[in-house]
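> Sharing upload_15.csv (CSV, C-alpha atoms) below.
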chain,number,residue,atom,x,y,z
A,120,MET,CA,3.4,81.9,-41.7
A,121,ILE,CA,4.4,82.1,-38.1
A,122,THR,CA,8.0,81.7,-37.1
A,123,ILE,CA,9.1,80.8,-33.6
A,124,LEU,CA,12.8,81.2,-32.9
A,125,GLY,CA,15.1,81.4,-29.9
A,126,PRO,CA,18.3,80.0,-28.4
A,127,THR,CA,18.7,76.4,-27.4
A,128,ALA,CA,16.8,75.4,-24.2
A,129,SER,CA,14.3,78.3,-24.5
A,130,GLY,CA,11.2,76.1,-25.0
A,131,LYS,CA,10.5,76.8,-28.7
A,132,THR,CA,9.3,73.3,-29.6
A,133,PRO,CA,6.6,72.8,-26.9
A,134,LEU,CA,5.4,76.3,-27.6
A,135,ALA,CA,5.1,75.6,-31.4
A,136,ALA,CA,3.4,72.3,-30.8
A,137,VAL,CA,0.7,73.8,-28.5
A,138,LEU,CA,0.2,76.6,-30.9
A,139,ALA,CA,-0.1,74.2,-33.9
A,140,ARG,CA,-2.8,72.2,-32.0
A,141,GLN,CA,-4.8,75.4,-31.5
A,142,ILE,CA,-4.6,76.8,-35.0
A,143,ASP,CA,-4.6,73.7,-37.2
A,144,GLY,CA,-0.9,74.1,-37.9
A,145,GLU,CA,2.0,72.0,-39.0
A,146,ILE,CA,5.6,72.5,-38.0
A,147,ILE,CA,8.5,73.0,-40.3
A,148,SER,CA,11.8,72.5,-38.4
A,149,ALA,CA,14.6,75.0,-38.8
A,150,ASP,CA,17.3,73.0,-37.2
A,151,SER,CA,20.4,72.1,-39.2
A,152,ARG,CA,21.1,68.8,-37.3
A,153,GLN,CA,17.6,67.4,-36.8
A,154,VAL,CA,17.4,66.5,-40.5
A,155,TYR,CA,19.6,63.4,-39.7
A,156,ARG,CA,18.0,60.1,-38.9
A,157,ARG,CA,19.2,58.2,-35.8
A,158,MET,CA,20.7,61.4,-34.4
A,159,ASP,CA,17.9,61.9,-31.9
A,160,ILE,CA,19.1,62.6,-28.3
A,161,GLY,CA,22.1,64.7,-29.3
A,162,THR,CA,20.1,66.9,-31.6
A,163,GLY,CA,17.3,67.3,-29.0
A,164,LYS,CA,14.4,66.2,-31.4
A,165,ASP,CA,12.1,65.7,-28.4
A,166,LEU,CA,9.5,64.2,-30.8
A,167,ALA,CA,7.2,63.5,-27.9
A,168,ASP,CA,6.6,67.3,-27.7
A,169,TYR,CA,4.8,67.2,-31.1
A,170,GLY,CA,2.2,64.6,-30.0
A,171,ASN,CA,-0.2,64.4,-33.0
A,172,VAL,CA,1.1,67.6,-34.7
A,173,PRO,CA,2.5,66.9,-38.2
A,174,TYR,CA,6.2,68.0,-38.6
A,175,HIS,CA,8.5,68.4,-41.5
A,176,LEU,CA,12.3,68.4,-42.3
A,177,ILE,CA,13.2,66.1,-39.4
A,178,ASP,CA,14.7,62.7,-40.2
A,179,ILE,CA,15.1,63.4,-43.9
A,180,CYS,CA,18.7,62.3,-44.6
A,181,GLU,CA,21.3,59.8,-43.4
A,182,PRO,CA,23.9,60.6,-40.7
A,183,GLY,CA,27.4,60.9,-42.2
A,184,THR,CA,26.1,63.0,-45.1
A,185,LYS,CA,26.4,66.8,-45.2
A,186,TYR,CA,23.1,68.5,-45.6
A,187,ASN,CA,23.4,72.2,-46.5
A,188,LEU,CA,21.5,75.5,-46.7
A,189,PHE,CA,20.8,75.1,-50.5
A,190,GLN,CA,19.1,71.8,-49.8
A,191,TYR,CA,17.2,73.2,-46.8
A,192,GLN,CA,15.8,76.1,-48.8
A,193,GLN,CA,14.5,73.7,-51.5
A,194,ASP,CA,13.0,71.3,-48.9
A,195,PHE,CA,11.5,74.1,-46.9
A,196,PHE,CA,9.7,75.5,-49.9
A,197,ASP,CA,8.3,72.1,-50.9
A,198,ALA,CA,7.0,71.5,-47.4
A,199,TYR,CA,5.6,75.1,-47.1
A,200,GLN,CA,3.7,74.8,-50.4
A,201,ASP,CA,2.4,71.4,-49.5
A,202,ILE,CA,1.0,72.7,-46.1
A,203,VAL,CA,-0.5,75.8,-47.6
A,204,GLN,CA,-2.1,73.9,-50.5
A,205,ARG,CA,-3.9,71.6,-47.9
A,206,GLY,CA,-5.3,74.7,-46.1
A,207,ARG,CA,-3.2,74.2,-43.0
A,208,GLN,CA,-1.1,76.8,-41.1
A,209,PRO,CA,2.7,76.6,-41.5
A,210,ILE,CA,4.8,77.2,-38.4
A,211,LEU,CA,8.5,77.5,-38.8
A,212,CYS,CA,10.3,76.6,-35.6
A,213,GLY,CA,14.0,76.3,-34.7
A,214,GLY,CA,17.3,77.9,-33.7
A,215,THR,CA,19.4,77.8,-36.9
A,216,GLY,CA,19.2,81.5,-37.7
A,217,LEU,CA,20.8,81.2,-41.1
A,218,TYR,CA,18.2,78.7,-42.2
A,219,ILE,CA,15.4,80.9,-40.9
A,220,GLU,CA,16.7,84.0,-42.6
A,221,ALA,CA,17.5,82.3,-45.9
A,222,VAL,CA,13.9,81.1,-46.3
A,223,LEU,CA,12.1,84.2,-45.0
A,224,LYS,CA,14.2,86.5,-47.2
A,225,GLY,CA,14.4,84.1,-50.2
A,226,TYR,CA,18.2,84.0,-50.5
A,227,HIS,CA,19.4,83.3,-54.0
A,228,LEU,CA,21.6,80.3,-53.6
A,229,SER,CA,23.3,77.8,-55.8
A,230,PRO,CA,24.7,74.3,-55.2
A,231,VAL,CA,28.4,74.5,-54.7
A,232,PRO,CA,30.7,71.7,-55.9
A,233,GLN,CA,33.9,70.8,-54.0
A,234,ASN,CA,37.1,72.5,-55.1
A,235,PRO,CA,40.0,70.1,-54.5
A,236,LYS,CA,42.7,72.6,-55.5
A,237,LEU,CA,41.4,75.2,-53.0
A,238,ARG,CA,41.0,72.6,-50.3
A,239,GLN,CA,44.7,71.6,-50.9
A,240,ARG,CA,45.8,75.2,-50.5
A,241,LEU,CA,43.8,75.6,-47.3
A,242,GLU,CA,45.0,72.3,-45.7
A,243,GLY,CA,47.1,72.9,-42.6
A,244,LYS,CA,45.8,76.4,-41.9
A,245,SER,CA,44.6,77.2,-38.4
A,246,LEU,CA,40.9,77.9,-37.6
A,247,ASP,CA,41.9,81.5,-36.9
A,248,GLU,CA,43.6,81.9,-40.3
A,249,LEU,CA,40.6,80.3,-42.0
A,250,THR,CA,38.2,82.5,-40.1
A,251,GLN,CA,40.1,85.6,-41.2
A,252,MET,CA,40.0,84.5,-44.9
A,253,LEU,CA,36.3,83.8,-44.6
A,254,ARG,CA,35.7,87.2,-43.1
A,255,THR,CA,37.4,88.9,-46.1
A,256,LEU,CA,35.4,86.8,-48.6
A,257,LYS,CA,32.1,87.6,-46.8
A,258,GLU,CA,32.9,91.3,-47.0
A,259,GLN,CA,33.6,91.0,-50.8
A,260,ASN,CA,30.4,89.1,-51.3
A,261,GLY,CA,28.3,91.2,-48.9
A,262,SER,CA,27.3,87.9,-47.4
A,263,VAL,CA,25.6,87.2,-44.0
A,264,MET,CA,26.1,83.4,-44.4
A,265,HIS,CA,28.5,81.3,-42.3
A,266,ASN,CA,28.5,83.0,-38.9
A,267,LYS,CA,30.6,81.5,-36.0
A,268,THR,CA,27.8,79.2,-35.0
A,269,ASP,CA,28.2,77.2,-38.2
A,270,VAL,CA,32.0,77.5,-38.6
A,271,ASP,CA,33.5,76.0,-35.4
A,272,SER,CA,36.0,73.6,-37.0
A,273,CYS,CA,38.6,73.8,-39.8
A,274,GLN,CA,36.6,71.4,-41.9
A,275,ARG,CA,33.5,73.6,-41.7
A,276,ALA,CA,35.5,76.8,-42.3
A,277,ILE,CA,37.1,75.3,-45.4
A,278,ARG,CA,33.6,74.4,-46.8
A,279,ALA,CA,32.4,77.9,-46.0
A,280,ILE,CA,35.4,79.4,-47.8
A,281,GLU,CA,34.7,77.1,-50.7
A,282,ILE,CA,31.1,78.4,-50.9
A,283,GLU,CA,32.0,82.0,-50.6
A,284,THR,CA,34.8,81.6,-53.2
A,285,TYR,CA,32.3,79.9,-55.6
A,286,ASN,CA,29.7,82.6,-55.1
A,287,LEU,CA,32.3,85.3,-55.8
A,288,GLU,CA,33.4,83.6,-59.1
A,289,HIS,CA,30.0,82.5,-60.4
A,290,PRO,CA,26.9,84.7,-60.7
A,291,THR,CA,24.0,83.1,-59.0
A,292,PRO,CA,21.8,81.2,-61.5
A,293,SER,CA,18.2,82.4,-62.0
A,294,ARG,CA,16.7,79.8,-59.7
A,295,GLU,CA,15.0,82.0,-57.2
A,296,LEU,CA,12.6,81.1,-54.3
A,297,PRO,CA,10.4,84.0,-53.2
A,298,PRO,CA,10.6,85.5,-49.7
A,299,VAL,CA,8.0,84.3,-47.2
A,300,GLU,CA,5.8,86.7,-45.2
A,301,SER,CA,5.9,85.7,-41.6
A,302,LEU,CA,5.0,86.9,-38.1
A,303,VAL,CA,8.3,86.3,-36.2
A,304,ILE,CA,8.1,85.3,-32.5
A,305,GLY,CA,11.3,85.2,-30.4
A,306,VAL,CA,11.4,83.2,-27.1
A,307,ASN,CA,13.4,85.3,-24.7
A,308,ILE,CA,15.0,83.5,-21.8
A,309,ASP,CA,17.1,85.1,-19.1
A,310,ARG,CA,20.8,84.2,-19.4
A,311,GLU,CA,21.2,82.6,-16.0
A,312,LEU,CA,18.0,80.5,-16.5
A,313,ARG,CA,19.2,79.5,-19.9
A,314,ARG,CA,22.5,78.3,-18.5
A,315,GLU,CA,20.7,76.4,-15.7
A,316,LYS,CA,18.4,74.7,-18.3
A,317,ILE,CA,21.3,73.8,-20.6
A,318,THR,CA,23.2,72.1,-17.8
A,319,ARG,CA,20.1,70.3,-16.6
A,320,ARG,CA,19.1,69.2,-20.1
A,321,LEU,CA,22.7,68.0,-20.8
A,322,LYS,CA,22.7,65.8,-17.7
A,323,ALA,CA,19.2,64.4,-18.7
A,324,ARG,CA,20.3,63.6,-22.2
A,325,LEU,CA,23.4,61.8,-21.0
A,326,ASP,CA,21.1,59.8,-18.7
A,327,GLU,CA,18.8,59.0,-21.6
A,328,GLY,CA,21.7,57.3,-23.5
A,329,MET,CA,23.3,59.9,-25.6
A,330,VAL,CA,26.7,58.1,-25.3
A,331,ASP,CA,25.1,54.9,-26.6
A,332,GLU,CA,23.6,56.8,-29.5
A,333,ILE,CA,27.0,58.0,-30.6
A,334,ARG,CA,28.5,54.5,-30.1
A,335,GLY,CA,25.7,53.1,-32.3
A,336,LEU,CA,26.4,55.6,-35.0
A,337,LEU,CA,30.1,54.8,-35.0
A,338,ASP,CA,29.4,51.0,-34.9
A,339,SER,CA,27.1,51.4,-38.0
A,340,GLY,CA,30.2,52.5,-39.9
A,341,ILE,CA,30.0,56.3,-39.8
A,342,PRO,CA,33.5,57.7,-39.7
A,343,SER,CA,34.3,59.5,-36.4
A,344,GLU,CA,35.4,62.7,-38.3
A,345,ASN,CA,31.9,62.8,-39.9
A,346,LEU,CA,30.3,62.8,-36.5
A,347,ILE,CA,32.8,65.4,-35.1
A,348,TYR,CA,31.8,67.6,-38.1
A,349,TYR,CA,28.3,68.0,-36.7
A,350,GLY,CA,29.8,69.8,-33.7
A,351,LEU,CA,28.6,70.1,-30.1
A,352,GLU,CA,27.3,66.8,-28.6
A,353,TYR,CA,28.5,64.8,-31.6
A,354,LYS,CA,32.0,66.3,-31.4
A,355,TYR,CA,32.6,66.0,-27.7
A,356,LEU,CA,30.9,62.6,-27.2
A,357,THR,CA,32.8,61.1,-30.1
A,358,GLU,CA,36.1,62.4,-28.6
A,359,TYR,CA,35.0,60.7,-25.3
A,360,VAL,CA,34.0,57.4,-26.9
A,361,LEU,CA,37.4,57.4,-28.7
A,362,ASP,CA,39.1,57.9,-25.3
A,363,HIS,CA,40.5,61.3,-26.3
A,364,LEU,CA,38.6,62.9,-23.4
A,365,THR,CA,37.7,61.7,-19.9
A,366,TYR,CA,34.0,61.8,-19.0
A,367,ASP,CA,34.5,64.9,-16.8
A,368,GLU,CA,36.5,66.7,-19.6
A,369,MET,CA,33.8,65.9,-22.1
A,370,PHE,CA,31.0,67.1,-19.9
A,371,ARG,CA,32.8,70.3,-18.9
A,372,GLN,CA,33.9,71.2,-22.4
A,373,LEU,CA,30.6,70.4,-24.0
A,374,GLU,CA,28.7,72.4,-21.4
A,375,ILE,CA,30.8,75.5,-22.1
A,376,ALA,CA,30.4,74.9,-25.9
A,377,ILE,CA,26.6,74.8,-25.6
A,378,HIS,CA,26.6,78.0,-23.5
A,379,GLN,CA,28.7,79.7,-26.2
A,380,PHE,CA,26.5,78.3,-29.0
A,381,ALA,CA,23.3,79.8,-27.3
A,382,LYS,CA,25.1,83.1,-27.0
A,383,ARG,CA,26.0,83.1,-30.7
A,384,GLN,CA,22.4,82.2,-31.6
A,385,MET,CA,21.2,85.3,-29.8
A,386,THR,CA,23.8,87.4,-31.6
A,387,TRP,CA,22.5,86.1,-34.9
A,388,PHE,CA,18.9,87.0,-33.9
A,389,ARG,CA,19.9,90.5,-32.9
A,390,GLY,CA,21.6,90.7,-36.2
A,391,MET,CA,18.4,89.8,-38.0
A,392,GLU,CA,16.7,92.7,-36.2
A,393,ARG,CA,19.4,95.0,-37.5
A,394,ARG,CA,18.8,93.6,-41.0
A,395,GLY,CA,15.1,94.6,-40.9
A,396,PHE,CA,13.3,91.7,-39.2
A,397,HIS,CA,10.7,92.6,-36.6
A,398,ILE,CA,10.9,90.0,-33.9
A,399,HIS,CA,8.2,90.0,-31.2
A,400,TRP,CA,10.0,88.7,-28.1
A,401,ILE,CA,8.0,86.7,-25.6
A,402,ASP,CA,9.2,85.9,-22.0
A,403,ALA,CA,10.0,82.2,-21.8
A,404,THR,CA,8.9,82.0,-18.2
A,405,LEU,CA,5.3,83.2,-18.9
A,406,PRO,CA,2.6,80.4,-18.5
A,407,MET,CA,2.0,78.6,-21.8
A,408,ASP,CA,-1.6,79.8,-22.2
A,409,GLU,CA,-0.4,83.5,-21.9
A,410,LYS,CA,2.3,82.9,-24.6
A,411,ILE,CA,-0.3,81.3,-26.9
A,412,LYS,CA,-2.8,84.1,-26.4
A,413,THR,CA,-0.1,86.7,-27.2
A,414,ILE,CA,0.9,85.0,-30.4
A,415,ILE,CA,-2.7,84.5,-31.6
A,416,LYS,CA,-3.5,88.1,-30.9
A,417,LEU,CA,-0.4,89.3,-32.9
A,418,TRP,CA,-1.3,86.8,-35.7
A,419,GLN,CA,-4.9,87.9,-36.0
Represent the structure from my file as structure tokens, please.

Amino acid sequence: MITILGPTASGKTPLAAVLARQIDGEIISADSRQVYRRMDIGTGKDLADYGNVPYHLIDICEPGTKYNLFQYQQDFFDAYQDIVQRGRQPILCGGTGLYIEAVLKGYHLSPVPQNPKLRQRLEGKSLDELTQMLRTLKEQNGSVMHNKTDVDSCQRAIRAIEIETYNLEHPTPSRELPPVESLVIGVNIDRELRREKITRRLKARLDEGMVDEIRGLLDSGIPSENLIYYGLEYKYLTEYVLDHLTYDEMFRQLEIAIHQFAKRQMTWFRGMERRGFHIHWIDATLPMDEKIKTIIKLWQ
């Protein structure tokens, strides 16, 4: 398999799509929010980039639900086997480092039920307090799951604590998915250029109707707290639609949050390297044909 990873706005998707066209490939998305239907502009699906390239794990569940790593691992493996059995080349592409690492290493995961008693005990605690509890549990479990990218609200932190607590108290069942051998390509984009692209892309998405997308989801009956749970665009635009933020406050706070998110993504990828992954970094500003030639040479 070939894996293409990188921070938001680094140009991963167009690169994966051009590569797929050249090597008879199909793309498996590694994005924790693009799984949701009707959440298109805010998650940056950019489906036009794929053209006629088949893609998987996009638009596979309803907004308002809570897709998780356990489900992703299962869905990835089904898609991966299907692609390989048809003699095509799988290309994993995305920026959710935890999802990528879980499938490449074959994490042993189990479905974790809700724990109402634990949730009751955690209710009212601050995000800092919850983060500290989570850190302690992760140390006890030797876990690399639930980094800051994925735990940016009390609701998410409580779910992460629930999972880590369950894993501490219950041995993982024998359900195991094998690790996947992959050439890992990282798209490296200069920090200032990344910041510039993030701001430009945010303005473009707002012009494309991102506010209307959020209004439509709320009007369809999805509770506002469920949208806020998804973080970033869905958090700040929902707050704006509910009149909790002015447009300028929403834009400024969201822009900062996306910059911080991209930084945390890079921290995760550097962590992957420390955990034994060899990531071949390619300069995002190189011409497309040069990037493709470099990847094909490494692949062959």
> Of the candidates A:Leu321, A:Gly335, A:Ile219, A:Ile347, which shows the shortest atom-to-atom distance to Val299 of chain A, using all atoms listed in the file?
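Selected residue with least distance to Val299 of chain A: A:Ile219.
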> Which one of A:Ile317, A:Ile123, A:Leu138, A:Leu361 sits closest to Ile375 of chain A if you count only C-alpha atoms?
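Result for the nearest residue to Ile375 of chain A: A:Ile317.
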> List the neighbours of Gln372 of chain A out to 12 Å using only C-alpha atoms; skip same-chain residues closer than 3 positions along the sequence, and give me the result as a PyMOL selection string.
chain A and resi 318+321+351-352+354-356+358-359+364-369+375-379
> Convert the current residue selection to file output with C-alpha atoms, as a PDB file, keeping the file's coordinate frame.

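Listing of out_33.pdb after writing:
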ATOM      1  CA  THR A 318      23.200  72.100 -17.800  1.00  0.00           C
ATOM      2  CA  LEU A 321      22.700  68.000 -20.800  1.00  0.00           C
ATOM      3  CA  LEU A 351      28.600  70.100 -30.100  1.00  0.00           C
ATOM      4  CA  GLU A 352      27.300  66.800 -28.600  1.00  0.00           C
ATOM      5  CA  LYS A 354      32.000  66.300 -31.400  1.00  0.00           C
ATOM      6  CA  TYR A 355      32.600  66.000 -27.700  1.00  0.00           C
ATOM      7  CA  LEU A 356      30.900  62.600 -27.200  1.00  0.00           C
ATOM      8  CA  GLU A 358      36.100  62.400 -28.600  1.00  0.00           C
ATOM      9  CA  TYR A 359      35.000  60.700 -25.300  1.00  0.00           C
ATOM     10  CA  LEU A 364      38.600  62.900 -23.400  1.00  0.00           C
ATOM     11  CA  THR A 365      37.700  61.700 -19.900  1.00  0.00           C
ATOM     12  CA  TYR A 366      34.000  61.800 -19.000  1.00  0.00           C
ATOM     13  CA  ASP A 367      34.500  64.900 -16.800  1.00  0.00           C
ATOM     14  CA  GLU A 368      36.500  66.700 -19.600  1.00  0.00           C
ATOM     15  CA  MET A 369      33.800  65.900 -22.100  1.00  0.00           C
ATOM     16  CA  ILE A 375      30.800  75.500 -22.100  1.00  0.00           C
ATOM     17  CA  ALA A 376      30.400  74.900 -25.900  1.00  0.00           C
ATOM     18  CA  ILE A 377      26.600  74.800 -25.600  1.00  0.00           C
ATOM     19  CA  HIS A 378      26.600  78.000 -23.500  1.00  0.00           C
ATOM     20  CA  GLN A 379      28.700  79.700 -26.200  1.00  0.00           C
TER      21      GLN A 379
END
> Hey, what's within 6 Å of Gly144 of chain A if we count only C-alpha atoms and toss same-chain stuff fewer than 6 positions away? As a ChimeraX atom specification, please?
/A:207-209
> If we count all atoms listed in the file, what is near Gly161 of chain A at a cut-off of 12 Å, once residues fewer than 4 positions away on the same chain are taken out, given as a VMD selection string?
chain A and resid 152 to 153 155 to 157 165 320 to 333 336 346 349 to 357 373 377
> Give me the residues within 10 Å of Glu242 of chain A as a PyMOL selection string, counting only C-alpha atoms and dropping any in the same chain fewer than 5 places off.
chain A and resi 237+249+273-274+277
> Taking (16.9, 86.7, -47.8) in the file's coordinates, which residues come within 10 Å, counting only C-alpha atoms, written as a PyMOL selection string?
chain A and resi 217-228+263+296-299+394
> Please reconstruct the missing atoms of segment 273-292 of chain A (target: N, CA and C atoms) and return them as a PDB file, keeping the file's coordinate frame.

ATOM      1  N   CYS A 273      37.907  73.506 -38.536  1.00  0.00           N
ATOM      2  CA  CYS A 273      38.600  73.800 -39.800  1.00  0.00           C
ATOM      3  C   CYS A 273      37.855  73.233 -40.990  1.00  0.00           C
ATOM      4  N   GLN A 274      37.301  72.026 -40.819  1.00  0.00           N
ATOM      5  CA  GLN A 274      36.600  71.400 -41.900  1.00  0.00           C
ATOM      6  C   GLN A 274      35.378  72.250 -42.357  1.00  0.00           C
ATOM      7  N   ARG A 275      34.634  72.766 -41.389  1.00  0.00           N
ATOM      8  CA  ARG A 275      33.500  73.600 -41.700  1.00  0.00           C
ATOM      9  C   ARG A 275      33.920  74.947 -42.307  1.00  0.00           C
ATOM     10  N   ALA A 276      35.013  75.499 -41.766  1.00  0.00           N
ATOM     11  CA  ALA A 276      35.500  76.800 -42.300  1.00  0.00           C
ATOM     12  C   ALA A 276      35.953  76.649 -43.735  1.00  0.00           C
ATOM     13  N   ILE A 277      36.613  75.528 -44.050  1.00  0.00           N
ATOM     14  CA  ILE A 277      37.100  75.300 -45.400  1.00  0.00           C
ATOM     15  C   ILE A 277      35.855  75.196 -46.368  1.00  0.00           C
ATOM     16  N   ARG A 278      34.814  74.502 -45.928  1.00  0.00           N
ATOM     17  CA  ARG A 278      33.600  74.400 -46.800  1.00  0.00           C
ATOM     18  C   ARG A 278      32.970  75.790 -46.952  1.00  0.00           C
ATOM     19  N   ALA A 279      32.951  76.588 -45.896  1.00  0.00           N
ATOM     20  CA  ALA A 279      32.400  77.900 -46.000  1.00  0.00           C
ATOM     21  C   ALA A 279      33.187  78.800 -46.974  1.00  0.00           C
ATOM     22  N   ILE A 280      34.523  78.687 -46.905  1.00  0.00           N
ATOM     23  CA  ILE A 280      35.400  79.400 -47.800  1.00  0.00           C
ATOM     24  C   ILE A 280      35.148  78.982 -49.265  1.00  0.00           C
ATOM     25  N   GLU A 281      34.956  77.676 -49.428  1.00  0.00           N
ATOM     26  CA  GLU A 281      34.700  77.100 -50.700  1.00  0.00           C
ATOM     27  C   GLU A 281      33.390  77.708 -51.325  1.00  0.00           C
ATOM     28  N   ILE A 282      32.359  77.816 -50.496  1.00  0.00           N
ATOM     29  CA  ILE A 282      31.100  78.400 -50.900  1.00  0.00           C
ATOM     30  C   ILE A 282      31.198  79.846 -51.282  1.00  0.00           C
ATOM     31  N   GLU A 283      31.838  80.600 -50.383  1.00  0.00           N
ATOM     32  CA  GLU A 283      32.000  82.000 -50.600  1.00  0.00           C
ATOM     33  C   GLU A 283      32.845  82.302 -51.864  1.00  0.00           C
ATOM     34  N   THR A 284      33.897  81.497 -52.063  1.00  0.00           N
ATOM     35  CA  THR A 284      34.800  81.600 -53.200  1.00  0.00           C
ATOM     36  C   THR A 284      33.970  81.371 -54.510  1.00  0.00           C
ATOM     37  N   TYR A 285      33.158  80.304 -54.482  1.00  0.00           N
ATOM     38  CA  TYR A 285      32.300  79.900 -55.600  1.00  0.00           C
ATOM     39  C   TYR A 285      31.351  81.056 -55.973  1.00  0.00           C
ATOM     40  N   ASN A 286      30.699  81.592 -54.920  1.00  0.00           N
ATOM     41  CA  ASN A 286      29.700  82.600 -55.100  1.00  0.00           C
ATOM     42  C   ASN A 286      30.340  83.921 -55.691  1.00  0.00           C
ATOM     43  N   LEU A 287      31.611  84.156 -55.337  1.00  0.00           N
ATOM     44  CA  LEU A 287      32.300  85.300 -55.800  1.00  0.00           C
ATOM     45  C   LEU A 287      32.666  85.155 -57.317  1.00  0.00           C
ATOM     46  N   GLU A 288      32.994  83.911 -57.696  1.00  0.00           N
ATOM     47  CA  GLU A 288      33.400  83.600 -59.100  1.00  0.00           C
ATOM     48  C   GLU A 288      32.318  83.314 -60.045  1.00  0.00           C
ATOM     49  N   HIS A 289      31.159  82.907 -59.511  1.00  0.00           N
ATOM     50  CA  HIS A 289      30.000  82.500 -60.400  1.00  0.00           C
ATOM     51  C   HIS A 289      28.790  83.309 -60.029  1.00  0.00           C
ATOM     52  N   PRO A 290      28.217  84.011 -60.997  1.00  0.00           N
ATOM     53  CA  PRO A 290      26.900  84.700 -60.700  1.00  0.00           C
ATOM     54  C   PRO A 290      25.887  83.645 -60.339  1.00  0.00           C
ATOM     55  N   THR A 291      25.017  84.011 -59.407  1.00  0.00           N
ATOM     56  CA  THR A 291      24.000  83.100 -59.000  1.00  0.00           C
ATOM     57  C   THR A 291      23.017  82.791 -60.141  1.00  0.00           C
ATOM     58  N   PRO A 292      22.700  81.520 -60.395  1.00  0.00           N
ATOM     59  CA  PRO A 292      21.800  81.200 -61.500  1.00  0.00           C
ATOM     60  C   PRO A 292      20.367  81.797 -61.179  1.00  0.00           C
TER      61      PRO A 292
END
